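> Structure provided below as structure tokens; questions to follow.
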Amino acid sequence: MKRFADGLVRQKGIKPPPGYKTSISICRKFLSEHAPKKAESETPGKLDFKPVSPAQMLYAKKVAQGKGIVIPEDAKANAAAMSAWIDSNRSAKRRKRGRKTAYKPAGSVAPRSIVTTKRFRRGKVATVAAPPAPAQPNSVTGTPLRIPYGNKEVALKLGARYRSGGWYAPPGVDLSAFGERGWL
């Protein structure tokens with residue numbers, strides 16, 4: 001407020017009241033007398049007409065196509081109305097964001113497809129043969145573990161090891177301590 005009052009003093013060439021730098025009430029009174037009033041269309045509670053952006057329209061079309069509904073004409077005319085329509089019609093299920101990890105839930109150990117596709121940055125696609133998965137990964141390579149960040153020392157004391165594929169318990173290590181902590 002003080003900076004705004006200083007700007008008005010310089011702009012209009014008027015003398016500020018004494019104590020306006022230290023008293024909010026004096027400064028507020030000075031501003032209400034000398035500051036320009038907002039027009040009726042600039043009031044913060046009133047919605048301005050703003051056209052729908054192309055990105056907003058594209059997203060609304062995707063939502064409408066996914067639900068099999070039609071976008072109303074009044075929503076197509078005003079960005080605020082379109083935003084309200086999108087909020088009321090988009091699905092509640094949102095994509096999880098976060099870090100991708102090597103830890104996968106222990107599910108079936110079904111063999112992977114031998115042929116996979118790999119996409120490169122410039123759009124090229126290559127077919128790559130994946131190495132065959134071992135028939136019994138736990139007995140030869142160890143049991144995969146989900147060790148939370150910051151538990152390295154505890155995991156190492158319990159016998160866990162780390163490699164490029166993530167944490168694992170070598171064959172012969174007691175898994176009960178890992179199971180108690182929920183790391184299996």
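Identifiers in the structure tokens: chain A, B, ... in order shown; residue index from 1 per chain; ligand index from 1 in order shown.
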Which polymer residues have any atom within 12 Å of an atom of A:Asn89, counting only C-alpha atoms, with same-chain residues fewer than 3 positions away left out, as a list in words?
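Contacts, in chain order: Tyr59, Ala60, Lys61, Lys62, Val63, Ala64, Gln65, Gly66, Lys67, Gly68, Ile69, Val70, Ile71, Pro72, Met82, Ser83, Ala84, Trp85, Ile86, Ala92 and Lys93 of chain A.
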> Could you dump the residues just selected with all heavy atoms as a short mmCIF file (atom, residue, chain, number, x, y, z; two decimals), in the first residue's frame?

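Just written: again.cif:
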```
data_model
loop_
_atom_site.label_atom_id
_atom_site.label_comp_id
_atom_site.auth_asym_id
_atom_site.auth_seq_id
_atom_site.Cartn_x
_atom_site.Cartn_y
_atom_site.Cartn_z
N TYR A 59 -9.40 -30.61 -25.21
CA TYR A 59 -9.59 -31.45 -24.03
C TYR A 59 -11.07 -31.76 -23.83
O TYR A 59 -11.45 -32.89 -23.50
CB TYR A 59 -9.00 -30.77 -22.80
CG TYR A 59 -9.06 -31.64 -21.57
CD1 TYR A 59 -8.29 -32.79 -21.47
CD2 TYR A 59 -9.90 -31.32 -20.51
CE1 TYR A 59 -8.34 -33.59 -20.35
CE2 TYR A 59 -9.96 -32.13 -19.39
CZ TYR A 59 -9.18 -33.26 -19.31
OH TYR A 59 -9.24 -34.05 -18.20
N ALA A 60 -11.92 -30.77 -24.02
CA ALA A 60 -13.36 -30.99 -23.87
C ALA A 60 -13.87 -32.01 -24.89
O ALA A 60 -14.71 -32.85 -24.58
CB ALA A 60 -14.11 -29.67 -24.02
N LYS A 61 -13.34 -31.95 -26.11
CA LYS A 61 -13.74 -32.93 -27.13
C LYS A 61 -13.33 -34.34 -26.73
O LYS A 61 -14.06 -35.30 -26.95
CB LYS A 61 -13.14 -32.56 -28.49
CG LYS A 61 -13.82 -31.38 -29.14
CD LYS A 61 -13.19 -31.05 -30.47
CE LYS A 61 -13.85 -29.84 -31.11
NZ LYS A 61 -13.21 -29.46 -32.37
N LYS A 62 -12.14 -34.48 -26.14
CA LYS A 62 -11.69 -35.80 -25.68
C LYS A 62 -12.58 -36.33 -24.56
O LYS A 62 -12.93 -37.50 -24.53
CB LYS A 62 -10.24 -35.73 -25.20
CG LYS A 62 -9.24 -35.61 -26.32
CD LYS A 62 -7.82 -35.58 -25.78
CE LYS A 62 -6.83 -35.38 -26.91
NZ LYS A 62 -5.45 -35.32 -26.41
N VAL A 63 -12.96 -35.43 -23.64
CA VAL A 63 -13.84 -35.82 -22.54
C VAL A 63 -15.19 -36.24 -23.10
O VAL A 63 -15.75 -37.28 -22.72
CB VAL A 63 -13.99 -34.68 -21.51
CG1 VAL A 63 -15.10 -34.97 -20.52
CG2 VAL A 63 -12.69 -34.44 -20.78
N ALA A 64 -15.73 -35.44 -24.02
CA ALA A 64 -17.04 -35.74 -24.60
C ALA A 64 -17.01 -37.04 -25.39
O ALA A 64 -17.94 -37.85 -25.31
CB ALA A 64 -17.48 -34.59 -25.50
N GLN A 65 -15.95 -37.26 -26.14
CA GLN A 65 -15.84 -38.49 -26.93
C GLN A 65 -15.72 -39.70 -26.01
O GLN A 65 -16.33 -40.74 -26.26
CB GLN A 65 -14.63 -38.42 -27.85
CG GLN A 65 -14.50 -39.61 -28.76
CD GLN A 65 -13.28 -39.50 -29.66
OE1 GLN A 65 -12.41 -38.67 -29.45
NE2 GLN A 65 -13.22 -40.35 -30.66
N GLY A 66 -14.97 -39.57 -24.93
CA GLY A 66 -14.81 -40.68 -24.00
C GLY A 66 -16.10 -41.05 -23.30
O GLY A 66 -16.33 -42.21 -22.99
N LYS A 67 -16.96 -40.07 -23.04
CA LYS A 67 -18.23 -40.34 -22.36
C LYS A 67 -19.40 -40.50 -23.32
O LYS A 67 -20.49 -40.86 -22.91
CB LYS A 67 -18.54 -39.20 -21.39
CG LYS A 67 -17.65 -39.20 -20.17
CD LYS A 67 -18.28 -38.41 -19.09
CE LYS A 67 -17.67 -38.81 -17.78
NZ LYS A 67 -18.47 -38.44 -16.65
N GLY A 68 -19.18 -40.18 -24.58
CA GLY A 68 -20.25 -40.31 -25.57
C GLY A 68 -21.32 -39.25 -25.41
O GLY A 68 -22.50 -39.53 -25.60
N ILE A 69 -20.93 -38.03 -25.06
CA ILE A 69 -21.89 -36.93 -24.88
C ILE A 69 -21.50 -35.78 -25.79
O ILE A 69 -20.43 -35.77 -26.40
CB ILE A 69 -21.95 -36.46 -23.41
CG1 ILE A 69 -20.56 -36.08 -22.89
CG2 ILE A 69 -22.55 -37.54 -22.53
CD1 ILE A 69 -20.56 -35.56 -21.46
N VAL A 70 -22.37 -34.78 -25.86
CA VAL A 70 -22.15 -33.62 -26.72
C VAL A 70 -21.86 -32.40 -25.85
O VAL A 70 -22.47 -32.22 -24.79
CB VAL A 70 -23.41 -33.36 -27.59
CG1 VAL A 70 -23.23 -32.14 -28.47
CG2 VAL A 70 -23.72 -34.58 -28.43
N ILE A 71 -20.94 -31.57 -26.31
CA ILE A 71 -20.60 -30.34 -25.58
C ILE A 71 -21.69 -29.31 -25.85
O ILE A 71 -22.01 -29.03 -27.01
CB ILE A 71 -19.24 -29.78 -26.05
CG1 ILE A 71 -18.14 -30.83 -25.89
CG2 ILE A 71 -18.89 -28.52 -25.30
CD1 ILE A 71 -16.84 -30.45 -26.58
N PRO A 72 -22.28 -28.72 -24.81
CA PRO A 72 -23.34 -27.71 -25.03
C PRO A 72 -22.78 -26.45 -25.68
O PRO A 72 -21.62 -26.10 -25.51
CB PRO A 72 -23.87 -27.41 -23.63
CG PRO A 72 -23.03 -28.16 -22.67
CD PRO A 72 -22.06 -29.01 -23.42
N MET A 82 -16.98 -23.42 -20.11
CA MET A 82 -16.32 -24.63 -20.60
C MET A 82 -15.54 -25.30 -19.48
O MET A 82 -15.57 -26.52 -19.34
CB MET A 82 -15.39 -24.30 -21.77
CG MET A 82 -14.63 -25.50 -22.31
SD MET A 82 -15.70 -26.77 -23.01
CE MET A 82 -15.98 -26.10 -24.62
N SER A 83 -14.88 -24.52 -18.66
CA SER A 83 -14.14 -25.06 -17.54
C SER A 83 -15.06 -25.77 -16.56
O SER A 83 -14.75 -26.87 -16.07
CB SER A 83 -13.37 -23.94 -16.84
OG SER A 83 -12.62 -24.45 -15.78
N ALA A 84 -16.20 -25.18 -16.29
CA ALA A 84 -17.18 -25.80 -15.39
C ALA A 84 -17.71 -27.09 -15.99
O ALA A 84 -17.88 -28.09 -15.29
CB ALA A 84 -18.32 -24.82 -15.11
N TRP A 85 -17.96 -27.10 -17.31
CA TRP A 85 -18.46 -28.30 -17.98
C TRP A 85 -17.42 -29.41 -17.93
O TRP A 85 -17.74 -30.57 -17.65
CB TRP A 85 -18.82 -27.98 -19.43
CG TRP A 85 -19.42 -29.17 -20.14
CD1 TRP A 85 -20.73 -29.54 -20.15
CD2 TRP A 85 -18.71 -30.14 -20.91
NE1 TRP A 85 -20.87 -30.69 -20.87
CE2 TRP A 85 -19.65 -31.08 -21.36
CE3 TRP A 85 -17.38 -30.32 -21.26
CZ2 TRP A 85 -19.30 -32.17 -22.14
CZ3 TRP A 85 -17.04 -31.40 -22.04
CH2 TRP A 85 -17.99 -32.32 -22.47
N ILE A 86 -16.15 -29.07 -18.17
CA ILE A 86 -15.08 -30.06 -18.13
C ILE A 86 -14.96 -30.65 -16.73
O ILE A 86 -14.87 -31.87 -16.56
CB ILE A 86 -13.74 -29.45 -18.58
CG1 ILE A 86 -13.76 -29.18 -20.08
CG2 ILE A 86 -12.57 -30.36 -18.23
CD1 ILE A 86 -12.57 -28.40 -20.59
N ALA A 92 -13.24 -39.09 -12.61
CA ALA A 92 -12.60 -38.82 -11.32
C ALA A 92 -11.25 -39.51 -11.22
O ALA A 92 -10.40 -39.12 -10.46
CB ALA A 92 -13.51 -39.28 -10.19
N LYS A 93 -11.07 -40.57 -12.01
CA LYS A 93 -9.82 -41.31 -11.95
C LYS A 93 -8.74 -40.53 -12.68
O LYS A 93 -8.84 -40.26 -13.87
CB LYS A 93 -10.00 -42.68 -12.60
CG LYS A 93 -8.79 -43.58 -12.46
CD LYS A 93 -9.08 -44.97 -12.99
CE LYS A 93 -8.91 -44.99 -14.49
NZ LYS A 93 -8.96 -46.31 -15.07
#
```
> List the neighbours of A:Ala177 out to 12 Å using only C-alpha atoms; skip same-chain residues closer than 2 positions along the sequence, and give me the result as an MDAnalysis selection string.
chainID A and resid 145 154:160 169 173:175 179:184
> Take the selection from the previous step and output its residues with C-alpha atoms, as a short mmCIF file (atom, residue, chain, number, x, y, z; two decimals), in the first residue's frame.

```cif
data_model
loop_
_atom_site.label_atom_id
_atom_site.label_comp_id
_atom_site.auth_asym_id
_atom_site.auth_seq_id
_atom_site.Cartn_x
_atom_site.Cartn_y
_atom_site.Cartn_z
CA LEU A 145 12.85 -57.21 -2.57
CA VAL A 154 19.20 -52.51 7.73
CA ALA A 155 18.73 -54.35 4.43
CA LEU A 156 22.44 -55.12 4.16
CA LYS A 157 22.56 -56.42 7.77
CA LEU A 158 19.65 -58.72 7.00
CA GLY A 159 21.57 -60.13 4.03
CA ALA A 160 20.03 -58.24 1.10
CA ALA A 169 17.88 -61.63 -1.22
CA VAL A 173 19.07 -65.89 3.21
CA ASP A 174 16.20 -66.02 5.74
CA LEU A 175 13.25 -64.12 4.22
CA GLY A 179 8.44 -60.32 5.25
CA GLU A 180 7.87 -58.77 8.69
CA ARG A 181 8.86 -55.37 7.31
CA GLY A 182 6.75 -55.76 4.15
CA TRP A 183 9.77 -55.76 1.85
CA LEU A 184 9.01 -59.02 0.00
#
```
> Can you work out the spacing between atom CA of A:Leu8 and atom CA of A:Ile26 in Å, to one decimal?
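Here the two named atoms are 14.6 Å from each other.
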